[in-house]
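**Q** Contents of run_27.csv (CSV, C-alpha atoms and all ligand atoms) are below:
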chain,number,residue,atom,x,y,z
A,1,MET,CA,51.2,14.7,194.4
A,2,MET,CA,51.8,11.0,193.7
A,3,GLY,CA,51.3,10.2,197.3
A,4,SER,CA,47.9,11.9,197.5
A,5,PHE,CA,46.8,10.3,194.2
A,6,SER,CA,47.6,6.8,195.4
A,7,LEU,CA,46.0,7.4,198.8
A,8,LYS,CA,42.9,8.5,197.0
A,9,SER,CA,42.9,5.5,194.7
A,10,ALA,CA,43.4,3.2,197.6
A,11,MET,CA,40.5,4.8,199.5
A,12,LEU,CA,38.3,4.5,196.4
A,13,ALA,CA,39.2,0.9,196.0
A,14,VAL,CA,38.4,0.1,199.6
A,15,ALA,CA,35.1,1.9,199.2
A,16,ALA,CA,34.2,0.1,196.0
A,17,GLY,CA,35.2,-3.2,197.6
A,18,ALA,CA,33.1,-2.6,200.6
A,19,PHE,CA,30.2,-1.7,198.4
A,20,ALA,CA,30.5,-4.8,196.3
A,21,THR,CA,31.1,-7.1,199.3
A,22,GLY,CA,28.3,-5.7,201.4
A,23,ILE,CA,25.8,-6.0,198.6
A,24,LEU,CA,26.9,-9.5,197.8
A,25,VAL,CA,26.5,-10.6,201.3
A,26,PHE,CA,23.0,-9.1,201.5
A,27,ALA,CA,21.9,-10.2,198.0
A,28,HIS,CA,23.3,-13.8,198.1
A,29,GLY,CA,22.4,-14.2,201.8
A,30,SER,CA,18.8,-13.4,201.1
A,31,LEU,CA,18.3,-14.6,197.5
A,32,LEU,CA,20.1,-17.9,197.3
A,33,SER,CA,19.6,-19.3,200.7
A,34,ASP,CA,15.9,-18.5,200.5
A,35,ALA,CA,15.6,-20.4,197.3
A,36,ASP,CA,18.0,-23.2,198.2
A,37,ALA,CA,16.3,-23.9,201.4
A,38,ALA,CA,12.9,-24.1,199.8
A,39,ILE,CA,13.5,-25.9,196.5
A,40,GLN,CA,11.1,-28.9,196.2
A,41,PRO,CA,11.4,-31.8,193.9
A,42,ALA,CA,8.9,-31.2,191.0
A,43,LEU,CA,5.5,-32.4,191.9
A,44,LYS,CA,3.4,-34.4,189.4
A,45,LEU,CA,-0.2,-33.8,188.4
A,46,GLN,CA,-2.7,-36.7,188.2
A,47,PRO,CA,-4.0,-37.2,184.6
A,48,VAL,CA,-7.6,-36.2,183.7
A,49,THR,CA,-8.4,-39.9,183.2
A,50,SER,CA,-7.8,-40.7,186.9
A,51,PHE,CA,-10.9,-38.6,187.7
A,52,ASP,CA,-13.2,-40.6,185.4
A,53,LYS,CA,-14.1,-42.8,188.3
A,54,ILE,CA,-15.9,-39.9,190.0
A,55,LYS,CA,-19.4,-40.3,188.4
A,56,ASN,CA,-21.0,-37.3,190.0
A,57,LYS,CA,-20.2,-34.4,187.6
A,58,GLN,CA,-20.1,-31.7,190.2
A,59,GLN,CA,-17.8,-33.7,192.5
A,60,ARG,CA,-15.6,-34.5,189.5
A,61,ALA,CA,-15.3,-30.8,188.6
A,62,VAL,CA,-14.3,-30.0,192.2
A,63,ALA,CA,-11.7,-32.7,192.3
A,64,LEU,CA,-10.3,-31.6,188.9
A,65,PHE,CA,-10.0,-28.1,190.1
A,66,GLN,CA,-8.4,-29.1,193.3
A,67,GLU,CA,-5.8,-31.0,191.2
A,68,ALA,CA,-5.3,-27.9,189.0
A,69,GLY,CA,-5.0,-25.9,192.2
A,70,LYS,CA,-1.6,-27.5,192.9
A,71,VAL,CA,-0.4,-25.3,190.0
A,72,ILE,CA,-2.5,-22.2,190.8
A,73,GLN,CA,-1.3,-22.2,194.4
A,74,SER,CA,2.3,-22.8,193.6
A,75,PRO,CA,4.7,-20.0,194.3
A,76,ARG,CA,5.4,-19.6,190.6
A,77,CYS,CA,1.8,-18.4,190.1
A,78,MET,CA,1.0,-16.9,193.4
A,79,ASN,CA,4.1,-14.6,193.6
A,80,CYS,CA,2.7,-12.4,190.8
A,81,HIS,CA,-0.9,-12.5,192.0
A,82,PRO,CA,-0.3,-10.6,195.2
A,83,ALA,CA,-2.9,-9.3,197.6
A,84,THR,CA,-1.1,-6.0,197.9
A,85,GLU,CA,0.5,-3.9,195.2
A,86,ARG,CA,3.9,-5.6,195.9
A,87,PRO,CA,4.7,-9.0,194.5
A,88,THR,CA,6.5,-11.7,196.4
A,89,GLN,CA,9.4,-13.9,195.2
A,90,THR,CA,11.2,-17.2,195.8
A,91,ASP,CA,9.6,-20.4,196.9
A,92,ARG,CA,9.1,-18.9,200.4
A,93,MET,CA,7.1,-16.1,198.8
A,94,ARG,CA,8.8,-13.3,200.7
A,95,PRO,CA,8.3,-9.7,199.6
A,96,HIS,CA,10.0,-8.8,196.3
A,97,GLN,CA,13.4,-7.3,196.8
A,98,PRO,CA,13.8,-4.5,195.8
A,99,LEU,CA,10.4,-3.0,196.6
A,100,VAL,CA,8.5,-2.9,193.3
A,101,VAL,CA,4.8,-2.1,192.8
A,102,ARG,CA,2.1,-3.1,190.3
A,103,GLY,CA,1.8,0.3,188.7
A,104,GLU,CA,-0.1,1.0,185.5
A,105,GLY,CA,-0.9,-2.1,183.6
A,106,GLY,CA,1.0,-4.2,186.1
A,107,LEU,CA,4.2,-3.1,184.5
A,108,GLY,CA,5.8,-1.3,187.6
A,109,ALA,CA,6.4,2.3,188.6
A,110,PRO,CA,7.8,5.0,186.2
A,111,GLY,CA,11.6,4.7,186.5
A,112,MET,CA,11.4,1.2,188.0
A,113,MET,CA,9.4,-0.9,185.6
A,114,CYS,CA,9.5,-4.7,185.6
A,115,THR,CA,11.6,-4.5,182.5
A,116,THR,CA,14.3,-2.7,184.4
A,117,CYS,CA,15.4,-6.2,185.6
A,118,HIS,CA,13.1,-8.7,183.9
A,119,ARG,CA,13.9,-9.0,180.2
A,120,GLU,CA,12.8,-11.4,177.4
A,121,ALA,CA,14.1,-14.6,179.0
A,122,ASN,CA,15.5,-16.0,182.2
A,123,PHE,CA,19.1,-14.8,182.7
A,124,ASP,CA,20.7,-17.4,185.0
A,125,ALA,CA,24.0,-15.6,185.4
A,126,ALA,CA,22.2,-13.0,187.5
A,127,GLY,CA,19.5,-15.3,188.7
A,128,VAL,CA,16.8,-13.0,187.2
A,129,PRO,CA,13.8,-14.6,185.6
A,130,GLY,CA,12.3,-13.1,182.4
A,131,ASN,CA,9.6,-13.4,179.8
A,132,PRO,CA,8.5,-10.9,177.1
A,133,LYS,CA,5.1,-10.5,178.9
A,134,TRP,CA,6.5,-10.2,182.4
A,135,HIS,CA,4.0,-8.2,184.5
A,136,LEU,CA,1.9,-8.4,187.6
A,137,ALA,CA,-1.7,-9.6,187.7
A,138,PRO,CA,-4.2,-6.8,188.2
A,139,GLU,CA,-5.7,-6.2,191.6
A,140,GLU,CA,-9.0,-8.0,190.8
A,141,MET,CA,-7.0,-11.1,190.0
A,142,ALA,CA,-5.2,-11.2,193.4
A,143,TRP,CA,-4.9,-14.8,194.7
A,144,GLN,CA,-2.7,-14.5,197.8
A,145,GLY,CA,-4.7,-14.9,201.0
A,146,LYS,CA,-7.6,-16.5,199.3
A,147,SER,CA,-8.9,-20.1,199.5
A,148,LEU,CA,-8.8,-22.3,196.4
A,149,GLY,CA,-12.6,-22.1,196.3
A,150,GLN,CA,-12.5,-18.3,196.3
A,151,ILE,CA,-9.8,-18.3,193.6
A,152,CYS,CA,-12.0,-20.7,191.6
A,153,GLU,CA,-15.0,-18.3,191.7
A,154,GLN,CA,-12.8,-15.4,190.8
A,155,ILE,CA,-11.3,-17.2,187.8
A,156,LYS,CA,-14.8,-17.8,186.4
A,157,ASP,CA,-16.1,-14.3,187.1
A,158,ARG,CA,-15.8,-12.3,183.9
A,159,LYS,CA,-15.6,-9.1,185.9
A,160,ARG,CA,-12.5,-10.3,187.6
A,161,ASN,CA,-10.9,-12.5,184.9
A,162,GLY,CA,-10.1,-10.1,182.2
A,163,ASP,CA,-13.6,-10.8,180.6
A,164,LEU,CA,-12.6,-14.3,179.5
A,165,THR,CA,-15.2,-16.9,178.6
A,166,LEU,CA,-14.6,-20.3,180.0
A,167,ALA,CA,-13.3,-21.4,176.6
A,168,ALA,CA,-10.9,-18.5,176.5
A,169,LEU,CA,-9.8,-19.3,180.0
A,170,VAL,CA,-8.9,-22.8,179.1
A,171,LYS,CA,-6.9,-21.5,176.1
A,172,HIS,CA,-5.1,-19.0,178.4
A,173,MET,CA,-4.2,-21.6,181.0
A,174,ALA,CA,-3.1,-24.2,178.4
A,175,GLU,CA,-1.2,-21.9,176.0
A,176,ASP,CA,-0.3,-18.6,177.4
A,177,ASP,CA,3.4,-18.1,177.3
A,178,LEU,CA,3.7,-16.2,180.6
A,179,VAL,CA,1.6,-18.9,182.3
A,180,GLY,CA,4.0,-21.4,180.7
A,181,TRP,CA,7.0,-19.7,182.4
A,182,ALA,CA,5.9,-21.4,185.6
A,183,TRP,CA,7.2,-24.7,184.2
A,184,SER,CA,10.6,-23.3,183.1
A,185,PRO,CA,11.4,-20.8,185.8
A,186,GLY,CA,15.2,-21.2,185.8
A,187,PRO,CA,17.5,-22.6,188.5
A,188,ASN,CA,16.7,-22.1,192.3
A,189,ARG,CA,12.9,-22.0,191.6
A,190,THR,CA,10.7,-25.0,192.0
A,191,PRO,CA,8.7,-25.3,188.7
A,192,ALA,CA,4.9,-25.6,188.9
A,193,PRO,CA,3.7,-29.2,189.2
A,194,GLY,CA,3.3,-31.3,186.1
A,195,THR,CA,3.3,-29.7,182.7
A,196,GLN,CA,1.3,-26.8,181.2
A,197,LYS,CA,-0.3,-29.3,178.8
A,198,GLU,CA,-1.5,-31.5,181.8
A,199,PHE,CA,-2.6,-28.3,183.6
A,200,GLY,CA,-4.6,-27.1,180.6
A,201,ALA,CA,-6.2,-30.6,180.2
A,202,LEU,CA,-7.3,-30.5,183.9
A,203,ILE,CA,-8.8,-27.0,183.4
A,204,LYS,CA,-10.6,-28.1,180.2
A,205,ALA,CA,-11.9,-31.2,181.9
A,206,TRP,CA,-13.1,-29.0,184.9
A,207,VAL,CA,-15.0,-26.7,182.4
A,208,ASP,CA,-16.4,-29.7,180.6
A,209,ALA,CA,-17.7,-31.1,183.9
A,210,GLY,CA,-19.5,-27.9,184.7
A,211,ALA,CA,-16.8,-25.8,186.3
A,212,SER,CA,-18.0,-26.2,189.9
A,213,CYS,CA,-15.8,-24.8,192.6
A,214,PRO,CA,-14.6,-26.2,195.9
A,215,LYS,CA,-16.5,-24.9,198.9
A,216,GLY,CA,-15.1,-22.2,201.1
B,1,MET,CA,32.4,-16.0,171.0
B,2,THR,CA,30.2,-13.9,168.7
B,3,GLN,CA,30.8,-10.7,166.8
B,4,LEU,CA,28.3,-8.1,168.1
B,5,THR,CA,27.8,-4.4,167.4
B,6,LEU,CA,26.7,-2.3,170.3
B,7,LYS,CA,25.4,1.3,169.8
B,8,ILE,CA,26.5,3.1,172.9
B,9,ASN,CA,26.1,6.9,173.4
B,10,GLY,CA,25.7,7.4,169.6
B,11,GLN,CA,28.8,5.4,168.6
B,12,SER,CA,29.0,1.9,167.2
B,13,HIS,CA,31.3,-0.6,168.9
B,14,SER,CA,32.2,-4.0,167.4
B,15,ILE,CA,33.0,-6.5,170.1
B,16,ASP,CA,33.8,-10.2,170.3
B,17,ALA,CA,31.8,-11.6,173.2
B,18,ASP,CA,30.1,-14.7,174.6
B,19,PRO,CA,26.4,-14.0,173.8
B,20,ASP,CA,25.7,-14.7,177.5
B,21,MET,CA,28.1,-12.1,178.8
B,22,PRO,CA,26.2,-9.6,181.0
B,23,LEU,CA,25.8,-6.3,179.2
B,24,LEU,CA,27.7,-4.6,182.1
B,25,TRP,CA,30.8,-6.7,181.3
B,26,ALA,CA,30.6,-5.7,177.7
B,27,ILE,CA,30.3,-2.0,178.5
B,28,ARG,CA,33.1,-2.0,181.0
B,29,GLU,CA,35.5,-4.6,179.7
B,30,SER,CA,35.0,-4.8,176.0
B,31,VAL,CA,34.2,-1.2,175.3
B,32,GLY,CA,36.1,0.4,178.2
B,33,LEU,CA,33.4,2.7,179.5
B,34,THR,CA,33.9,2.3,183.2
B,35,GLY,CA,31.4,5.0,184.5
B,36,THR,CA,28.8,2.2,184.9
B,37,LYS,CA,29.6,0.2,188.1
B,38,TYR,CA,29.4,-3.4,189.3
B,39,GLY,CA,27.8,-3.7,192.7
B,40,CYS,CA,26.1,-7.0,193.1
B,41,GLY,CA,25.6,-8.7,189.7
B,42,VAL,CA,22.1,-9.9,190.7
B,43,ALA,CA,19.8,-7.0,190.1
B,44,GLN,CA,19.8,-5.9,193.7
B,45,CYS,CA,21.7,-2.6,193.9
B,46,GLY,CA,21.2,-0.5,190.7
B,47,ALA,CA,24.9,0.5,190.4
B,48,CYS,CA,25.0,-0.9,186.8
B,49,THR,CA,22.0,1.0,185.5
B,50,VAL,CA,22.1,2.1,181.9
B,51,PHE,CA,19.4,2.9,179.4
B,52,VAL,CA,18.5,0.4,176.7
B,53,GLY,CA,16.1,1.9,174.1
B,54,GLY,CA,15.7,5.0,176.4
B,55,LEU,CA,14.6,3.1,179.5
B,56,PRO,CA,16.6,2.1,182.6
B,57,VAL,CA,18.0,-1.5,182.7
B,58,ARG,CA,20.2,-3.3,185.2
B,59,SER,CA,23.0,-4.1,182.8
B,60,CYS,CA,24.3,-6.9,185.0
B,61,SER,CA,21.0,-8.7,184.4
B,62,MET,CA,20.7,-8.9,180.7
B,63,PRO,CA,22.9,-10.8,178.3
B,64,VAL,CA,24.7,-8.6,175.8
B,65,SER,CA,23.2,-10.6,172.9
B,66,ALA,CA,19.7,-9.5,173.9
B,67,VAL,CA,20.4,-5.8,173.2
B,68,GLY,CA,20.0,-6.2,169.5
B,69,ALA,CA,19.9,-2.9,167.6
B,70,ASP,CA,18.7,-0.9,170.7
B,71,GLU,CA,20.6,2.2,171.6
B,72,ILE,CA,22.4,2.1,174.9
B,73,THR,CA,23.0,5.2,176.9
B,74,THR,CA,25.5,5.1,179.8
B,75,ILE,CA,26.4,7.8,182.3
B,76,GLU,CA,29.1,9.1,179.9
B,77,GLY,CA,26.5,9.8,177.3
B,78,LEU,CA,23.6,11.3,179.2
B,79,LYS,CA,22.7,14.6,177.7
B,80,SER,CA,18.9,15.2,177.9
B,81,LYS,CA,17.7,18.4,179.6
B,82,GLU,CA,16.6,16.3,182.5
B,83,ALA,CA,20.0,14.7,182.8
B,84,LEU,CA,21.7,18.1,182.8
B,85,ALA,CA,19.2,19.3,185.5
B,86,VAL,CA,20.0,16.3,187.6
B,87,GLN,CA,23.7,16.7,187.3
B,88,LYS,CA,23.4,20.4,188.3
B,89,ALA,CA,21.3,19.6,191.3
B,90,TRP,CA,23.7,16.8,192.3
B,91,VAL,CA,26.5,19.3,192.3
B,92,LYS,CA,24.5,22.0,194.1
B,93,LEU,CA,23.4,19.7,196.9
B,94,ASP,CA,26.7,17.8,197.1
B,95,VAL,CA,24.8,14.5,196.8
B,96,PRO,CA,27.6,11.9,196.4
B,97,GLN,CA,29.8,10.7,199.3
B,98,CYS,CA,32.1,7.9,198.1
B,99,GLY,CA,30.4,8.2,194.7
B,100,TYR,CA,30.3,4.4,193.9
B,101,CYS,CA,26.5,4.2,193.5
B,102,GLN,CA,26.1,7.6,191.9
B,103,SER,CA,26.2,6.8,188.2
B,104,GLY,CA,23.3,4.4,188.8
B,105,GLN,CA,21.5,6.9,190.9
B,106,ILE,CA,21.8,9.6,188.2
B,107,MET,CA,20.6,7.2,185.5
B,108,SER,CA,17.5,6.3,187.5
B,109,ALA,CA,16.8,9.9,188.6
B,110,THR,CA,17.1,11.1,185.0
B,111,SER,CA,14.7,8.4,183.7
B,112,LEU,CA,12.2,9.3,186.4
B,113,LEU,CA,12.2,13.0,185.4
B,114,GLU,CA,12.0,12.1,181.7
B,115,ILE,CA,8.8,10.2,182.4
B,116,ASN,CA,7.4,12.2,185.3
B,117,ALA,CA,8.3,15.9,185.3
B,118,LYS,CA,6.9,16.5,188.8
B,119,PRO,CA,7.5,13.5,191.0
B,120,THR,CA,6.2,13.3,194.5
B,121,ASP,CA,8.2,11.8,197.4
B,122,ARG,CA,6.5,8.5,196.8
B,123,ASP,CA,7.2,8.6,193.1
B,124,ILE,CA,10.8,9.2,193.9
B,125,ASP,CA,11.0,6.4,196.5
B,126,LEU,CA,9.4,3.9,194.1
B,127,ALA,CA,11.7,4.8,191.2
B,128,MET,CA,14.8,5.0,193.3
B,129,ASN,CA,14.6,2.3,195.9
B,130,GLY,CA,16.3,-0.3,193.6
B,131,ASN,CA,19.4,1.9,193.8
B,132,ILE,CA,21.2,1.2,197.0
B,133,CYS,CA,23.7,3.7,198.5
B,134,ARG,CA,26.0,2.4,201.2
B,135,CYS,CA,26.8,5.9,202.2
B,136,ALA,CA,23.1,6.5,202.7
B,137,THR,CA,22.8,9.7,200.6
B,138,TYR,CA,19.1,9.0,200.1
B,139,VAL,CA,17.9,12.2,201.7
B,140,ARG,CA,20.1,14.3,199.4
B,141,ILE,CA,19.1,12.2,196.4
B,142,ARG,CA,15.5,12.9,197.0
B,143,ALA,CA,16.1,16.6,197.6
B,144,ALA,CA,18.2,16.9,194.5
B,145,ILE,CA,15.5,15.2,192.3
B,146,HIS,CA,13.0,17.8,193.6
B,147,ASP,CA,15.5,20.5,192.9
B,148,ALA,CA,16.1,19.3,189.4
B,149,ALA,CA,12.3,19.0,188.7
B,150,LYS,CA,11.9,22.6,189.9
B,151,SER,CA,14.7,23.9,187.7
B,152,LEU,CA,13.0,22.3,184.7
B,153,GLU,CA,9.7,24.1,185.4
B,154,GLY,CA,10.9,27.5,184.4
C,301,LIG,S1,25.4,-4.7,189.7
C,301,LIG,FE1,23.5,-4.7,188.6
C,301,LIG,S2,22.0,-4.3,190.1
C,301,LIG,FE2,23.9,-4.5,191.2
C,302,LIG,S1,27.7,7.6,197.6
C,302,LIG,FE1,28.8,5.9,198.5
C,302,LIG,S2,27.5,4.2,197.9
C,302,LIG,FE2,26.4,5.9,197.4
Take the structure I supplied and represent it as structure tokens, if you would.
Ligand code: FES
Ligand code: FES
**A**
Amino acid sequence: MMGSFSLKSAMLAVAAGAFATGILVFAHGSLLSDADAAIQPALKLQPVTSFDKIKNKQQRAVALFQEAGKVIQSPRCMNCHPATERPTQTDRMRPHQPLVVRGEGGLGAPGMMCTTCHREANFDAAGVPGNPKWHLAPEEMAWQGKSLGQICEQIKDRKRNGDLTLAALVKHMAEDDLVGWAWSPGPNRTPAPGTQKEFGALIKAWVDAGASCPKG
Amino acid sequence: MTQLTLKINGQSHSIDADPDMPLLWAIRESVGLTGTKYGCGVAQCGACTVFVGGLPVRSCSMPVSAVGADEITTIEGLKSKEALAVQKAWVKLDVPQCGYCQSGQIMSATSLLEINAKPTDRDIDLAMNGNICRCATYVRIRAAIHDAAKSLEG
């Protein structure tokens, strides 16, 4: 009796150990090395004033948007504006692991919502980022696979920007808390360049200069 | 260390814990409910799935201090009609092999059926693919979820 009990316990322990070890190798092998290999030193944004020298308003707007584009096209923003229903992750923008989909309201699939893993705040012990508003951008706001010029036109288009006026767009970029997460994404993720305040100022200056978009 | 009260399976538990302790540790080590398993600790396997406020959460990936007053349900406390149907189907189809992943699987399957009474194969795959099974019982898991859904129809 005793013999069979301990044999069973030993087998269970081996199985549990194998489970944990296997998962750890897979999870750490893919998550951490991806991130570690790709972490970049934080990039800076040029201040709005450095664009004052461009006298042509349209050219100034384009240059301002190109500068803001360093944020928009950073992995922190692009990962959750996917072209398909599946987000990407890490600085390398590889497919999100496990497989998750946009689902209703960008909140994931029933039984596997974003909130299953992503909670109110980053949880560094597990390497999982979080924010109270964590969700995927809707399909019409997909940015991956698009040029900066196409993203620019899309951002201005009220049919594809959540019906935001340009003033509301400036406020969203400058103040939204989930947008702001891009500058405090937790360890092993390169933050978006500059600060949210600087980014907001660039977007505002772009709007003030007529909101022209880069070609192409 | 902070004094925290966790409501688990209808009972209050006072624990002394670092606010940053993963909820999974609190459930297993401080409260002593070991049905919930540790697989990866990084939200990749689903073995640690519990319900917080009625919805599935990877308990390795949230700090115990973030639970607040929300009710926690672990595998030991599952008792909805969907949960009972899932347990019955699991036995009927002999789903588990080593069993290590199964409490997480059952939590996710129960949650799916609580939200979606008649899931398609795709619904099941989307809800369950965050729950890894090293014994690859996936085919039986999917069949058992269909079986449970069917048993709830009548
Ligand atoms: S232990 Fe929580 S997801 Fe693996
Ligand atoms: S039954 Fe062994 S890991 Fe799933």
**Q** To one decimal place, how far is CA of Glu71 (chain B) from CA of Gly54 (chain B) in Å?
**A**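 CA of Glu71 (chain B) sits 7.4 Å away from CA of Gly54 (chain B).
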**Q** Using only C-alpha atoms, find the residues of chain B whose closest atom to chain A is at most 10 Å away, then write them as number ranges by chain.
**A** B: 20-22, 37-47, 49-52, 55-63, 66, 98-101, 107-116, 119, 123-135
**Q** Please give the centre and size of the box around ligand LIG 301 (chain C) (axis-aligned, containing every atom listed in the file, 4 Å added per side), with values in Å to one decimal and written as lines of an AutoDock Vina configuration file.
**A**
center_x = 23.7
center_y = -4.5
center_z = 189.9
size_x = 11.4
size_y = 8.4
size_z = 10.6
**Q** Name all residues at most 8 Å from Arg60 (chain A) (count only C-alpha atoms; drop same-chain ones fewer than 4 positions away) and give them as JSON, numbers by chain.
**A** {"A": [51, 52, 54, 55, 56, 64, 206, 209]}
**Q** Excluding Leu4 (chain B) and its own-chain neighbours fewer than 5 positions away, which residues fall within 9 Å of it when counting only C-alpha atoms? Please give them as a list in words.
**A**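 Non-adjacent residues within range: His13, Ser14, Ile15, Asp16, Ala17, Pro19, Val64, Ser65 and Gly68 of chain B.
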**Q** Just want the 9 Å neighbourhood of Gln46 (chain A), counted on only C-alpha atoms, with same-chain residues fewer than 3 positions away dropped. Output as a count of residues only.
**A** 7
**Q** Give me the residues within 8 Å of Ala61 (chain A) as an mmCIF file with C-alpha atoms, keeping the file's coordinate frame, counting all atoms listed in the file and dropping any in the same chain fewer than 2 places off.
**A**
data_model
loop_
_atom_site.group_PDB
_atom_site.id
_atom_site.type_symbol
_atom_site.label_atom_id
_atom_site.label_comp_id
_atom_site.auth_asym_id
_atom_site.auth_seq_id
_atom_site.Cartn_x
_atom_site.Cartn_y
_atom_site.Cartn_z
ATOM 1 C CA LYS A 57 -20.200 -34.400 187.600
ATOM 2 C CA GLN A 58 -20.100 -31.700 190.200
ATOM 3 C CA GLN A 59 -17.800 -33.700 192.500
ATOM 4 C CA ALA A 63 -11.700 -32.700 192.300
ATOM 5 C CA LEU A 64 -10.300 -31.600 188.900
ATOM 6 C CA PHE A 65 -10.000 -28.100 190.100
ATOM 7 C CA ALA A 205 -11.900 -31.200 181.900
ATOM 8 C CA TRP A 206 -13.100 -29.000 184.900
ATOM 9 C CA VAL A 207 -15.000 -26.700 182.400
ATOM 10 C CA ALA A 209 -17.700 -31.100 183.900
ATOM 11 C CA GLY A 210 -19.500 -27.900 184.700
ATOM 12 C CA ALA A 211 -16.800 -25.800 186.300
ATOM 13 C CA SER A 212 -18.000 -26.200 189.900
ATOM 14 C CA CYS A 213 -15.800 -24.800 192.600
#
**Q** Scan for residues within 12 Å of the point (10.1, -24.4, 182.9) in the coordinates of the file, using only C-alpha atoms, and reply as an MDAnalysis selection string.
**A** chainID A and resid 42 76 121:122 129:131 177:196
**Q** If you count all atoms listed in the file, which residues fall within 9 Å of Lys156 (chain A), apart from same-chain ones fewer than 4 positions away, as a ChimeraX atom specification?
**A** /A:151-152,160-161,164-166,169,211
**Q** Between B:Leu33, B:Leu24, B:Val67, B:Ala149, which has the minimum distance to ligand LIG 301 (chain C) (counting all atoms listed in the file)?
**A**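 Between B:Leu33, B:Leu24, B:Val67, B:Ala149, the residue approaching ligand LIG 301 (chain C) most closely is B:Leu24.
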**Q** Between B:Asp70, B:Glu29, B:Ala143, B:Leu84, single out the one closest to Ser12 (chain B), counting only C-alpha atoms.
**A**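 Residue with the minimum atom-to-atom distance to Ser12 (chain B): B:Asp70.
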**Q** If I take CA of Asp208 (chain A) and CA of Pro75 (chain A), how far is one from the other in Å, to one decimal?
**A**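 Between CA of Asp208 (chain A) and CA of Pro75 (chain A) the gap works out to 27.0 Å.
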**Q** Name the closest residue to ligand LIG 301 (chain C) among the candidates B:Cys48, B:Ala144, B:Val139, B:Ala83; distances are taken between atoms, counting only C-alpha atoms and all ligand atoms.
**A** B:Cys48
**Q** Using all atoms listed in the file, which of the listed residues (B:Thr2, B:Gly10, B:Ser30, B:Thr36) sits closest to ligand LIG 301 (chain C)?
**A**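 Closest residue, counting all atoms listed in the file: B:Thr36.
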